[in-house]
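One file, input35.json, carrying JSON, C-alpha atoms and all ligand atoms:
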```json
[["chain", "number", "residue", "atom", "x", "y", "z"],
["A", 13, "MET", "CA", -25.62, 27.25, -28.51],
["A", 14, "ASN", "CA", -25.65, 30.54, -26.66],
["A", 15, "ILE", "CA", -22.84, 31.10, -24.21],
["A", 16, "ALA", "CA", -22.43, 33.62, -21.41],
["A", 17, "LEU", "CA", -18.95, 34.20, -20.00],
["A", 18, "ILE", "CA", -18.86, 35.53, -16.45],
["A", 19, "GLN", "CA", -15.88, 37.91, -16.50],
["A", 20, "ALA", "CA", -15.75, 38.39, -12.74],
["A", 21, "ASP", "CA", -13.58, 40.18, -10.23],
["A", 22, "ILE", "CA", -12.41, 37.83, -7.46],
["A", 23, "GLN", "CA", -11.48, 38.76, -3.90],
["A", 24, "ILE", "CA", -8.28, 37.08, -2.85],
["A", 25, "GLY", "CA", -8.73, 34.73, 0.13],
["A", 26, "GLU", "CA", -12.49, 35.46, 0.53],
["A", 27, "PRO", "CA", -14.41, 32.34, -0.54],
["A", 28, "THR", "CA", -17.68, 33.35, 1.16],
["A", 29, "ALA", "CA", -17.81, 36.69, -0.65],
["A", 30, "ASN", "CA", -16.73, 35.07, -3.92],
["A", 31, "PHE", "CA", -19.46, 32.41, -3.76],
["A", 32, "GLN", "CA", -22.10, 35.10, -3.28],
["A", 33, "HIS", "CA", -20.65, 37.27, -6.01],
["A", 34, "ILE", "CA", -20.40, 34.48, -8.59],
["A", 35, "LYS", "CA", -23.97, 33.37, -7.85],
["A", 36, "LYS", "CA", -25.21, 36.91, -8.33],
["A", 37, "LEU", "CA", -23.37, 37.25, -11.65],
["A", 38, "MET", "CA", -24.77, 33.92, -12.86],
["A", 39, "GLU", "CA", -28.27, 35.17, -11.96],
["A", 40, "THR", "CA", -27.60, 38.38, -13.88],
["A", 41, "ALA", "CA", -26.46, 36.36, -16.92],
["A", 42, "LEU", "CA", -29.84, 34.60, -16.91],
["A", 43, "SER", "CA", -32.04, 37.57, -16.14],
["A", 44, "GLU", "CA", -30.66, 39.92, -18.79],
["A", 45, "GLY", "CA", -30.36, 39.36, -22.53],
["A", 46, "GLN", "CA", -30.92, 36.08, -24.33],
["A", 47, "LYS", "CA", -30.99, 32.98, -22.10],
["A", 48, "PRO", "CA", -27.66, 31.20, -22.44],
["A", 49, "ASP", "CA", -27.36, 27.43, -22.87],
["A", 50, "ILE", "CA", -23.94, 27.48, -21.19],
["A", 51, "LEU", "CA", -22.41, 29.60, -18.43],
["A", 52, "VAL", "CA", -18.63, 29.78, -18.14],
["A", 53, "LEU", "CA", -16.71, 30.95, -15.05],
["A", 54, "PRO", "CA", -13.06, 32.04, -14.58],
["A", 55, "GLU", "CA", -10.20, 30.21, -12.83],
["A", 56, "MET", "CA", -9.86, 29.81, -9.02],
["A", 57, "TRP", "CA", -12.97, 31.89, -8.42],
["A", 58, "ASN", "CA", -13.45, 30.69, -4.83],
["A", 59, "THR", "CA", -10.10, 31.77, -3.35],
["A", 60, "GLY", "CA", -8.12, 33.62, -6.00],
["A", 61, "TYR", "CA", -4.38, 33.04, -5.76],
["A", 62, "ALA", "CA", -4.26, 33.05, -1.94],
["A", 63, "LEU", "CA", -1.67, 30.30, -2.17],
["A", 64, "GLU", "CA", -0.01, 30.89, 1.23],
["A", 65, "ARG", "CA", -3.36, 30.12, 2.92],
["A", 66, "ILE", "CA", -4.71, 27.69, 0.37],
["A", 67, "HIS", "CA", -4.79, 24.65, 2.71],
["A", 68, "GLU", "CA", -7.08, 26.52, 5.05],
["A", 69, "LEU", "CA", -9.25, 28.09, 2.30],
["A", 70, "ALA", "CA", -9.67, 25.36, -0.33],
["A", 71, "ASP", "CA", -13.06, 23.69, -0.72],
["A", 72, "PRO", "CA", -12.99, 20.14, 0.78],
["A", 73, "ASP", "CA", -13.71, 17.76, -2.14],
["A", 74, "GLY", "CA", -15.08, 20.79, -3.99],
["A", 75, "ARG", "CA", -18.33, 20.17, -2.09],
["A", 76, "GLN", "CA", -19.48, 23.76, -1.77],
["A", 77, "ALA", "CA", -18.70, 24.57, -5.41],
["A", 78, "ARG", "CA", -20.33, 21.40, -6.66],
["A", 79, "GLU", "CA", -23.44, 22.04, -4.61],
["A", 80, "LEU", "CA", -23.79, 25.59, -5.97],
["A", 81, "LEU", "CA", -23.09, 24.65, -9.59],
["A", 82, "SER", "CA", -25.30, 21.57, -9.58],
["A", 83, "SER", "CA", -28.30, 23.23, -7.94],
["A", 84, "PHE", "CA", -27.97, 26.36, -10.08],
["A", 85, "ALA", "CA", -27.69, 24.32, -13.31],
["A", 86, "LYS", "CA", -30.74, 22.25, -12.41],
["A", 87, "ARG", "CA", -32.89, 25.15, -11.22],
["A", 88, "HIS", "CA", -32.17, 27.23, -14.33],
["A", 89, "GLN", "CA", -31.69, 24.36, -16.80],
["A", 90, "VAL", "CA", -28.36, 25.65, -18.00],
["A", 91, "HIS", "CA", -25.01, 23.92, -18.57],
["A", 92, "ILE", "CA", -22.18, 25.29, -16.45],
["A", 93, "VAL", "CA", -18.49, 25.04, -17.27],
["A", 94, "GLY", "CA", -17.53, 25.97, -13.75],
["A", 95, "GLY", "CA", -14.19, 27.70, -14.31],
["A", 96, "SER", "CA", -12.07, 26.26, -11.54],
["A", 97, "VAL", "CA", -11.84, 26.27, -7.78],
["A", 98, "ALA", "CA", -9.18, 25.42, -5.22],
["A", 99, "GLU", "CA", -10.25, 21.94, -4.14],
["A", 100, "LYS", "CA", -8.80, 19.96, -1.21],
["A", 101, "LYS", "CA", -8.65, 16.22, -1.76],
["A", 102, "ASN", "CA", -6.75, 13.67, 0.34],
["A", 103, "GLY", "CA", -4.72, 16.47, 1.89],
["A", 104, "GLN", "CA", -3.66, 17.85, -1.51],
["A", 105, "ILE", "CA", -4.89, 21.00, -3.23],
["A", 106, "TYR", "CA", -5.94, 20.94, -6.88],
["A", 107, "ASN", "CA", -7.04, 23.64, -9.31],
["A", 108, "THR", "CA", -10.20, 21.89, -10.50],
["A", 109, "MET", "CA", -12.95, 22.50, -13.05],
["A", 110, "TYR", "CA", -16.41, 20.98, -12.62],
["A", 111, "VAL", "CA", -18.87, 20.78, -15.48],
["A", 112, "TYR", "CA", -22.62, 20.36, -14.97],
["A", 113, "ASP", "CA", -25.36, 19.69, -17.47],
["A", 114, "ALA", "CA", -28.76, 21.35, -17.47],
["A", 115, "ALA", "CA", -30.18, 18.57, -15.27],
["A", 116, "GLY", "CA", -27.62, 19.37, -12.58],
["A", 117, "GLU", "CA", -25.59, 16.19, -13.24],
["A", 118, "GLN", "CA", -21.80, 16.39, -13.14],
["A", 119, "LYS", "CA", -20.50, 15.79, -16.68],
["A", 120, "ALA", "CA", -16.78, 16.20, -16.09],
["A", 121, "MET", "CA", -14.06, 17.15, -13.67],
["A", 122, "TYR", "CA", -10.60, 18.32, -14.70],
["A", 123, "SER", "CA", -7.63, 19.30, -12.55],
["A", 124, "LYS", "CA", -5.07, 21.65, -14.11],
["A", 125, "ILE", "CA", -2.20, 19.62, -15.56],
["A", 126, "HIS", "CA", 0.42, 22.34, -16.00],
["A", 127, "LEU", "CA", 1.11, 24.34, -12.84],
["A", 128, "PHE", "CA", 2.35, 27.89, -13.33],
["A", 129, "ARG", "CA", 5.76, 28.37, -11.72],
["A", 130, "LEU", "CA", 5.79, 32.14, -12.25],
["A", 131, "MET", "CA", 3.04, 32.30, -9.60],
["A", 132, "ASP", "CA", 4.49, 29.46, -7.44],
["A", 133, "GLU", "CA", 1.51, 27.23, -8.18],
["A", 134, "GLU", "CA", 3.69, 24.13, -8.10],
["A", 135, "LYS", "CA", 4.82, 24.91, -4.52],
["A", 136, "HIS", "CA", 1.25, 24.83, -3.18],
["A", 137, "LEU", "CA", -0.88, 22.79, -5.58],
["A", 138, "SER", "CA", -0.81, 19.28, -7.00],
["A", 139, "ALA", "CA", -1.16, 18.73, -10.74],
["A", 140, "GLY", "CA", -3.91, 16.74, -12.39],
["A", 141, "ASP", "CA", -2.88, 13.86, -14.62],
["A", 142, "GLN", "CA", -5.68, 13.45, -17.12],
["A", 143, "ALA", "CA", -6.73, 15.14, -20.36],
["A", 144, "VAL", "CA", -10.53, 15.47, -20.20],
["A", 145, "VAL", "CA", -13.21, 15.77, -22.88],
["A", 146, "PHE", "CA", -16.96, 15.89, -22.35],
["A", 147, "ASP", "CA", -20.10, 16.16, -24.47],
["A", 148, "LEU", "CA", -22.00, 19.42, -24.39],
["A", 149, "GLN", "CA", -24.74, 17.83, -26.44],
["A", 150, "PRO", "CA", -24.74, 14.60, -28.45],
["A", 151, "GLY", "CA", -22.19, 15.05, -31.24],
["A", 152, "PHE", "CA", -20.65, 18.23, -29.82],
["A", 153, "THR", "CA", -17.59, 17.51, -27.70],
["A", 154, "ALA", "CA", -15.59, 19.91, -25.55],
["A", 155, "GLY", "CA", -12.08, 19.80, -24.09],
["A", 156, "ALA", "CA", -11.03, 21.14, -20.69],
["A", 157, "SER", "CA", -8.00, 23.30, -20.00],
["A", 158, "ILE", "CA", -7.10, 25.96, -17.46],
["A", 159, "CYS", "CA", -5.07, 29.14, -18.04],
["A", 160, "TYR", "CA", -1.35, 28.22, -18.37],
["A", 161, "ASP", "CA", -2.44, 24.94, -20.09],
["A", 162, "VAL", "CA", -3.02, 27.00, -23.24],
["A", 163, "ARG", "CA", 0.75, 27.40, -23.65],
["A", 164, "PHE", "CA", 0.97, 23.64, -24.34],
["A", 165, "PRO", "CA", -0.25, 22.89, -27.87],
["A", 166, "GLU", "CA", 0.23, 19.20, -27.12],
["A", 167, "LEU", "CA", -2.72, 19.29, -24.72],
["A", 168, "SER", "CA", -5.18, 21.03, -27.04],
["A", 169, "ARG", "CA", -4.11, 18.80, -29.93],
["A", 170, "THR", "CA", -4.66, 15.72, -27.74],
["A", 171, "LEU", "CA", -8.12, 17.02, -26.81],
["A", 172, "ALA", "CA", -8.91, 17.65, -30.48],
["A", 173, "LEU", "CA", -7.77, 14.13, -31.34],
["A", 174, "LYS", "CA", -10.07, 12.85, -28.58],
["A", 175, "GLY", "CA", -12.92, 14.59, -30.42],
["A", 176, "ALA", "CA", -13.07, 18.11, -28.95],
["A", 177, "GLN", "CA", -14.65, 20.74, -31.19],
["A", 178, "VAL", "CA", -14.47, 23.44, -28.55],
["A", 179, "LEU", "CA", -11.79, 24.19, -25.97],
["A", 180, "PHE", "CA", -12.72, 25.89, -22.69],
["A", 181, "VAL", "CA", -10.04, 28.04, -21.02],
["A", 182, "PRO", "CA", -10.96, 29.59, -17.66],
["A", 183, "ALA", "CA", -8.13, 31.85, -16.53],
["A", 184, "GLU", "CA", -6.56, 34.32, -14.16],
["A", 185, "TRP", "CA", -4.22, 35.69, -16.81],
["A", 186, "PRO", "CA", -2.60, 38.97, -15.72],
["A", 187, "ASN", "CA", -0.91, 41.97, -17.24],
["A", 188, "PRO", "CA", 1.42, 42.45, -19.01],
["A", 189, "ARG", "CA", 0.79, 39.39, -21.19],
["A", 190, "LEU", "CA", -2.31, 40.34, -23.19],
["A", 191, "HIS", "CA", -0.37, 39.76, -26.42],
["A", 192, "HIS", "CA", 0.42, 36.16, -25.33],
["A", 193, "TRP", "CA", -3.20, 35.59, -24.26],
["A", 194, "ARG", "CA", -4.67, 36.67, -27.60],
["A", 195, "THR", "CA", -2.03, 35.00, -29.73],
["A", 196, "LEU", "CA", -2.03, 31.66, -27.92],
["A", 197, "LEU", "CA", -5.83, 31.41, -27.82],
["A", 198, "THR", "CA", -6.08, 32.27, -31.51],
["A", 199, "ALA", "CA", -3.33, 29.79, -32.41],
["A", 200, "ARG", "CA", -5.08, 26.98, -30.51],
["A", 201, "ALA", "CA", -8.31, 27.76, -32.42],
["A", 202, "ILE", "CA", -6.67, 27.89, -35.85],
["A", 203, "GLU", "CA", -4.34, 24.90, -35.50],
["A", 204, "ASN", "CA", -7.05, 22.64, -34.06],
["A", 205, "GLN", "CA", -9.90, 24.14, -36.08],
["A", 206, "MET", "CA", -11.97, 24.35, -32.93],
["A", 207, "TYR", "CA", -13.84, 27.00, -30.97],
["A", 208, "VAL", "CA", -11.89, 28.48, -28.08],
["A", 209, "VAL", "CA", -13.99, 29.87, -25.22],
["A", 210, "ALA", "CA", -11.75, 31.71, -22.75],
["A", 211, "CYS", "CA", -13.05, 33.34, -19.57],
["A", 212, "ASN", "CA", -10.56, 35.54, -17.72],
["A", 213, "ARG", "CA", -11.02, 37.44, -14.48],
["A", 214, "VAL", "CA", -10.67, 41.19, -14.00],
["A", 215, "GLY", "CA", -9.54, 43.29, -11.04],
["A", 216, "THR", "CA", -6.44, 43.46, -8.89],
["A", 217, "SER", "CA", -4.78, 41.16, -6.34],
["A", 218, "GLY", "CA", -1.86, 42.82, -4.56],
["A", 219, "ASP", "CA", 0.18, 44.34, -7.36],
["A", 220, "THR", "CA", -1.15, 42.01, -10.05],
["A", 221, "THR", "CA", -3.88, 43.27, -12.38],
["A", 222, "PHE", "CA", -6.03, 41.05, -14.56],
["A", 223, "PHE", "CA", -7.14, 42.45, -17.89],
["A", 224, "GLY", "CA", -10.24, 40.43, -18.70],
["A", 225, "HIS", "CA", -10.47, 40.26, -22.50],
["A", 226, "SER", "CA", -12.44, 37.04, -22.25],
["A", 227, "MET", "CA", -13.18, 35.84, -25.74],
["A", 228, "ILE", "CA", -14.83, 33.36, -28.03],
["A", 229, "ILE", "CA", -12.79, 32.51, -31.13],
["A", 230, "ASP", "CA", -14.29, 30.42, -33.92],
["A", 231, "PRO", "CA", -12.62, 27.44, -35.67],
["A", 232, "TRP", "CA", -11.41, 29.73, -38.47],
["A", 233, "GLY", "CA", -9.62, 31.92, -35.90],
["A", 234, "ASP", "CA", -12.02, 34.86, -36.06],
["A", 235, "ILE", "CA", -12.99, 36.52, -32.80],
["A", 236, "VAL", "CA", -16.74, 36.14, -32.21],
["A", 237, "VAL", "CA", -16.71, 38.36, -29.14],
["A", 238, "GLU", "CA", -14.06, 39.91, -26.90],
["A", 239, "GLY", "CA", -14.54, 41.57, -23.52],
["A", 240, "GLY", "CA", -13.00, 44.75, -22.19],
["A", 241, "GLU", "CA", -11.26, 45.18, -18.84],
["A", 242, "GLU", "CA", -14.41, 45.65, -16.71],
["A", 243, "GLU", "CA", -16.42, 43.08, -14.85],
["A", 244, "GLY", "CA", -19.44, 41.88, -16.82],
["A", 245, "ILE", "CA", -21.19, 39.22, -18.84],
["A", 246, "LEU", "CA", -19.96, 38.50, -22.35],
["A", 247, "ARG", "CA", -22.30, 36.75, -24.78],
["A", 248, "GLY", "CA", -21.77, 34.82, -27.99],
["A", 249, "ALA", "CA", -22.92, 31.70, -29.83],
["A", 250, "LEU", "CA", -21.29, 28.48, -31.05],
["A", 251, "ASN", "CA", -22.32, 26.79, -34.28],
["A", 252, "PRO", "CA", -21.40, 23.09, -33.96],
["A", 253, "ALA", "CA", -21.43, 22.66, -37.77],
["A", 254, "LEU", "CA", -18.63, 25.20, -38.26],
["A", 255, "THR", "CA", -15.87, 22.93, -36.93],
["A", 256, "ASP", "CA", -16.71, 20.25, -39.52],
["A", 257, "GLU", "CA", -16.93, 22.88, -42.24],
["A", 258, "VAL", "CA", -13.46, 24.28, -41.48],
["A", 259, "ARG", "CA", -11.95, 20.79, -41.07],
["A", 260, "THR", "CA", -13.35, 19.77, -44.45],
["A", 261, "ARG", "CA", -12.07, 22.93, -46.15],
["A", 262, "ILE", "CA", -8.49, 22.53, -44.88],
["A", 263, "PRO", "CA", -8.14, 18.86, -43.84],
["A", 264, "VAL", "CA", -5.39, 19.33, -41.26],
["A", 265, "PHE", "CA", -6.39, 16.23, -39.30],
["A", 266, "GLU", "CA", -6.17, 14.03, -42.40],
["A", 267, "ASP", "CA", -2.83, 15.59, -43.40],
["A", 268, "ARG", "CA", -1.03, 15.06, -40.09],
["A", 269, "ARG", "CA", 2.14, 12.89, -40.17],
["A", 270, "PRO", "CA", 2.29, 11.63, -36.57],
["A", 271, "GLY", "CA", 4.93, 9.05, -37.50],
["A", 272, "LEU", "CA", 7.37, 11.89, -38.23],
["A", 273, "TYR", "CA", 6.74, 13.82, -35.02],
["A", 274, "LYS", "CA", 8.93, 11.61, -32.84],
["A", 275, "LEU", "CA", 12.20, 12.75, -31.28],
["A", 276, "SER", "CA", 14.14, 9.64, -32.28],
["B", 301, "LIG", "O1", 0.88, 31.69, -18.82],
["B", 301, "LIG", "C1", 0.63, 32.82, -18.38],
["B", 301, "LIG", "O2", 1.19, 33.83, -18.80],
["B", 301, "LIG", "C2", -0.39, 33.01, -17.31],
["B", 301, "LIG", "C3", -0.75, 31.72, -16.64],
["B", 301, "LIG", "C4", -1.45, 31.91, -15.36],
["B", 301, "LIG", "O3", -1.59, 33.01, -14.86],
["B", 301, "LIG", "C5", -2.04, 30.75, -14.68],
["B", 301, "LIG", "O4", -1.93, 29.62, -15.16],
["B", 301, "LIG", "O5", -2.67, 30.96, -13.62]]
```

What is this file in structure tokens?
Amino acid sequence: MNIALIQADIQIGEPTANFQHIKKLMETALSEGQKPDILVLPEMWNTGYALERIHELADPDGRQARELLSSFAKRHQVHIVGGSVAEKKNGQIYNTMYVYDAAGEQKAMYSKIHLFRLMDEEKHLSAGDQAVVFDLQPGFTAGASICYDVRFPELSRTLALKGAQVLFVPAEWPNPRLHHWRTLLTARAIENQMYVVACNRVGTSGDTTFFGHSMIIDPWGDIVVEGGEEEGILRGALNPALTDEVRTRIPVFEDRRPGLYKLS
């Protein structure tokens, strides 16, 4: 399965410009190079972290994002793991991922479970309350997570136990924590013997800079591809058989001792 990661710059508080920009980058991903089976977008690509104005800027019921992703997926027959957008639902704001299949049907929806206090997310957003997996193709299951979620091994392990063979991680992960980004993503891949597909933004918002370094890591922990710090499309491929191969070689899931992992 060929994947294209859209490592985009995002303009803070400018949803109209961001919608146009993301659409253009998705078109570029399809018009250049090998046609991808899956497009992946970064976190909060509609508004950026314009949290002070998020009630006014967020997409009501994610309608505009869903319309774009669904019609684009159908027209170009490509799966889209739609990063995440600020979505307004019942008066609350969520950081929500939508996933579409190549027929333009919504396959999954996931709202970020762990809100990032260092950026005051919890003051402005509401947290999701469900761990979500979805099938990319029959027999190849994916797990959803967003940015800060990757610091919680409990979530990725739960997704792996629910069948995930690949973990998607759209992000707005800034400097100076490149070391954490690389290490945590690699650890999640190795410990769960799954692909990790992480799409980070680039550019600057106020005095925060985002370093990109989107990456695909295989179930053995090797980096398949890693981006630089510029905007662009990053391409790589997933081999669904590799997860089973690695899990057979070192049978971590058979060797777990869940009965001993309790606090009391
Ligand atoms: O955990 C981190 O260092 C970055 C997390 C983050 O920026 C986010 O969740 O938006």

- request: Would you be able to write out as a ChimeraX atom specification which residues have an atom within 10 Å of (-7.3, 33.0, -19.0) in the file's coordinates, counting all atoms listed in the file?
  value: /A:54-55,95,157-162,180-186,190,193-194,197,209-213,222-227

statement: Across A:Gln23, A:Thr220, A:Gln104, A:Gln89, the smallest distance to Met131 in chain A, with all atoms listed in the file counted, is shown by A:Thr220

task: Skip range 231-233 of chain A itself and residues of its chain fewer than 6 positions away, then list as a ChimeraX atom specification all residues within 7 Å of it, counting all atoms listed in the file.
output: /A:198,201-202,205-207,254-255,258

Which polymer residues have any atom within 12 Å of an atom of Gly103 in chain A, counting only C-alpha atoms, with same-chain residues fewer than 5 positions away left out, as an mmCIF file with C-alpha atoms, in the frame of the given file?
```cif
data_model
loop_
_atom_site.group_PDB
_atom_site.id
_atom_site.type_symbol
_atom_site.label_atom_id
_atom_site.label_comp_id
_atom_site.auth_asym_id
_atom_site.auth_seq_id
_atom_site.Cartn_x
_atom_site.Cartn_y
_atom_site.Cartn_z
ATOM 1 C CA ILE A 66 -4.710 27.690 0.370
ATOM 2 C CA HIS A 67 -4.790 24.650 2.710
ATOM 3 C CA GLU A 68 -7.080 26.520 5.050
ATOM 4 C CA ALA A 70 -9.670 25.360 -0.330
ATOM 5 C CA ASP A 71 -13.060 23.690 -0.720
ATOM 6 C CA PRO A 72 -12.990 20.140 0.780
ATOM 7 C CA ASP A 73 -13.710 17.760 -2.140
ATOM 8 C CA HIS A 136 1.250 24.830 -3.180
ATOM 9 C CA LEU A 137 -0.880 22.790 -5.580
ATOM 10 C CA SER A 138 -0.810 19.280 -7.000
#
```

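For the pair CA of Ile245 in chain A and CA of Asn30 in chain A, the separation is 16.1 Å.
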
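CA of Gly60 in chain A lies 10.4 Å from CA of Thr216 in chain A.
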
- request: Name all residues at most 7 Å from Ala85 in chain A (count all atoms listed in the file; drop same-chain ones fewer than 2 positions away) and give them as a list of chain:residue names.
  value: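 Listed by chain and then number, they are A:Leu81, A:Ser82, A:Ser83, A:Arg87, A:His88, A:Gln89, A:Val90, A:His91, A:Ile92, A:Tyr112, A:Asp113, A:Ala114, A:Ala115, A:Gly116.
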
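Using all atoms listed in the file, the protein and nucleic acid residues lying no more than 12 Å from Asp147 in chain A, apart from those fewer than 4 places from it along its own chain, are His91, Val93, Val111, Tyr112, Asp113, Gln118, Lys119, Ala120, Gly151, Phe152, Thr153, Ala154, Gly155, Ala156, Lys174, Gly175, Ala176, Gln177, Val178, Leu179 and Pro252 of chain A.
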
How would the residues just picked look written out with C-alpha atoms as a PDB file, in the frame of the given file?
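That gives us selection.pdb:
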```pdb
ATOM      1  CA  HIS A  91     -25.010  23.920 -18.570  1.00  0.00           C
ATOM      2  CA  VAL A  93     -18.490  25.040 -17.270  1.00  0.00           C
ATOM      3  CA  VAL A 111     -18.870  20.780 -15.480  1.00  0.00           C
ATOM      4  CA  TYR A 112     -22.620  20.360 -14.970  1.00  0.00           C
ATOM      5  CA  ASP A 113     -25.360  19.690 -17.470  1.00  0.00           C
ATOM      6  CA  GLN A 118     -21.800  16.390 -13.140  1.00  0.00           C
ATOM      7  CA  LYS A 119     -20.500  15.790 -16.680  1.00  0.00           C
ATOM      8  CA  ALA A 120     -16.780  16.200 -16.090  1.00  0.00           C
ATOM      9  CA  GLY A 151     -22.190  15.050 -31.240  1.00  0.00           C
ATOM     10  CA  PHE A 152     -20.650  18.230 -29.820  1.00  0.00           C
ATOM     11  CA  THR A 153     -17.590  17.510 -27.700  1.00  0.00           C
ATOM     12  CA  ALA A 154     -15.590  19.910 -25.550  1.00  0.00           C
ATOM     13  CA  GLY A 155     -12.080  19.800 -24.090  1.00  0.00           C
ATOM     14  CA  ALA A 156     -11.030  21.140 -20.690  1.00  0.00           C
ATOM     15  CA  LYS A 174     -10.070  12.850 -28.580  1.00  0.00           C
ATOM     16  CA  GLY A 175     -12.920  14.590 -30.420  1.00  0.00           C
ATOM     17  CA  ALA A 176     -13.070  18.110 -28.950  1.00  0.00           C
ATOM     18  CA  GLN A 177     -14.650  20.740 -31.190  1.00  0.00           C
ATOM     19  CA  VAL A 178     -14.470  23.440 -28.550  1.00  0.00           C
ATOM     20  CA  LEU A 179     -11.790  24.190 -25.970  1.00  0.00           C
ATOM     21  CA  PRO A 252     -21.400  23.090 -33.960  1.00  0.00           C
TER      22      PRO A 252
END
```

task: Measure the distance from CA of Lys135 in chain A to CA of Lys100 in chain A in Å and round it to one decimal.
output: 14.9 Å

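Checking A:Ile15, A:Ala77, A:Ala62, A:Leu171 one by one against Val144 in chain A, counting all atoms listed in the file, you find the shortest gap at A:Leu171.
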
task: Step by step: start from the point (-26.2, 29.3, -26.2) in the file's coordinates, keep every protein, DNA or RNA residue that has an atom no farther than 7 Å from it, count all atoms listed in the file, and write the set as a list in words.
output: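 The requested residues, written out, are Met13, Asn14, Ile15, Pro48, Asp49, Ile50, Ala249 and Leu250 of chain A.
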
Please, could you write that set of residues out with C-alpha atoms as a PDB file, in the coordinates of the input?
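File written: result.pdb
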```pdb
ATOM      1  CA  MET A  13     -25.620  27.250 -28.510  1.00  0.00           C
ATOM      2  CA  ASN A  14     -25.650  30.540 -26.660  1.00  0.00           C
ATOM      3  CA  ILE A  15     -22.840  31.100 -24.210  1.00  0.00           C
ATOM      4  CA  PRO A  48     -27.660  31.200 -22.440  1.00  0.00           C
ATOM      5  CA  ASP A  49     -27.360  27.430 -22.870  1.00  0.00           C
ATOM      6  CA  ILE A  50     -23.940  27.480 -21.190  1.00  0.00           C
ATOM      7  CA  ALA A 249     -22.920  31.700 -29.830  1.00  0.00           C
ATOM      8  CA  LEU A 250     -21.290  28.480 -31.050  1.00  0.00           C
TER       9      LEU A 250
END
```

- request: Using all atoms listed in the file, determine which residues lie at most 9 Å from range 261-267 of chain A, disregarding the query and same-chain residues fewer than 2 positions distant; provide the list as a list in words.
  value: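 My reading of the contact set: Leu173, Glu203, Asn204, Gln205, Asp256, Glu257, Val258, Arg259 and Arg269 of chain A.
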
message: With distances taken over only C-alpha atoms and all ligand atoms, which residue among A:Ser276, A:Gln149, A:Thr170, A:Asn107 lies nearest ligand LIG 301 (chain B)?
response: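 Using only C-alpha atoms and all ligand atoms, the shortest distance to ligand LIG 301 (chain B) belongs to A:Asn107.
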
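Between Ala139 in chain A and the residues A:Lys101, A:Arg163, A:His33, A:Lys47, the shortest atom-to-atom distance, using all atoms listed in the file, involves A:Lys101.
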
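For the residues A:Met109, A:Ala20, A:Met121, A:Leu196, ranking by smallest atom-to-atom distance to ligand LIG 301 (chain B) using all atoms listed in the file places A:Leu196 first.
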
query: Which is closer to ligand LIG 301 (chain B) than all the others in A:Ile229, A:Val208, A:Ala41, A:Leu63, using all atoms listed in the file?
result: A:Leu63

Once N, CA and C atoms are restored for range 133-145 of chain A, what would the output be as a tab-separated table (two decimals), in the frame of the given file?
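File produced: selection.tsv:
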```tsv
chain	number	residue	atom	x	y	z
A	133	GLU	N	2.60	28.22	-8.31
A	133	GLU	CA	1.51	27.23	-8.18
A	133	GLU	C	2.04	25.86	-7.76
A	134	GLU	N	3.19	25.48	-8.34
A	134	GLU	CA	3.69	24.13	-8.10
A	134	GLU	C	4.14	23.93	-6.66
A	135	LYS	N	4.38	25.04	-5.92
A	135	LYS	CA	4.82	24.91	-4.52
A	135	LYS	C	3.62	24.61	-3.61
A	136	HIS	N	2.42	24.93	-4.06
A	136	HIS	CA	1.25	24.83	-3.18
A	136	HIS	C	0.18	23.86	-3.69
A	137	LEU	N	0.19	23.62	-5.00
A	137	LEU	CA	-0.88	22.79	-5.58
A	137	LEU	C	-0.31	21.50	-6.15
A	138	SER	N	-1.19	20.52	-6.31
A	138	SER	CA	-0.81	19.28	-7.00
A	138	SER	C	-1.42	19.32	-8.40
A	139	ALA	N	-0.71	18.70	-9.34
A	139	ALA	CA	-1.16	18.73	-10.74
A	139	ALA	C	-2.10	17.58	-11.03
A	140	GLY	N	-3.08	17.83	-11.88
A	140	GLY	CA	-3.91	16.74	-12.39
A	140	GLY	C	-3.10	15.89	-13.36
A	141	ASP	N	-3.65	14.73	-13.72
A	141	ASP	CA	-2.88	13.86	-14.62
A	141	ASP	C	-3.76	13.26	-15.72
A	142	GLN	N	-4.83	13.98	-16.06
A	142	GLN	CA	-5.68	13.45	-17.12
A	142	GLN	C	-6.17	14.54	-18.06
A	143	ALA	N	-6.13	14.25	-19.36
A	143	ALA	CA	-6.73	15.14	-20.36
A	143	ALA	C	-8.21	14.76	-20.46
A	144	VAL	N	-9.09	15.77	-20.37
A	144	VAL	CA	-10.53	15.47	-20.20
A	144	VAL	C	-11.35	16.08	-21.34
A	145	VAL	N	-12.20	15.26	-21.95
A	145	VAL	CA	-13.21	15.77	-22.88
A	145	VAL	C	-14.59	15.40	-22.34
```
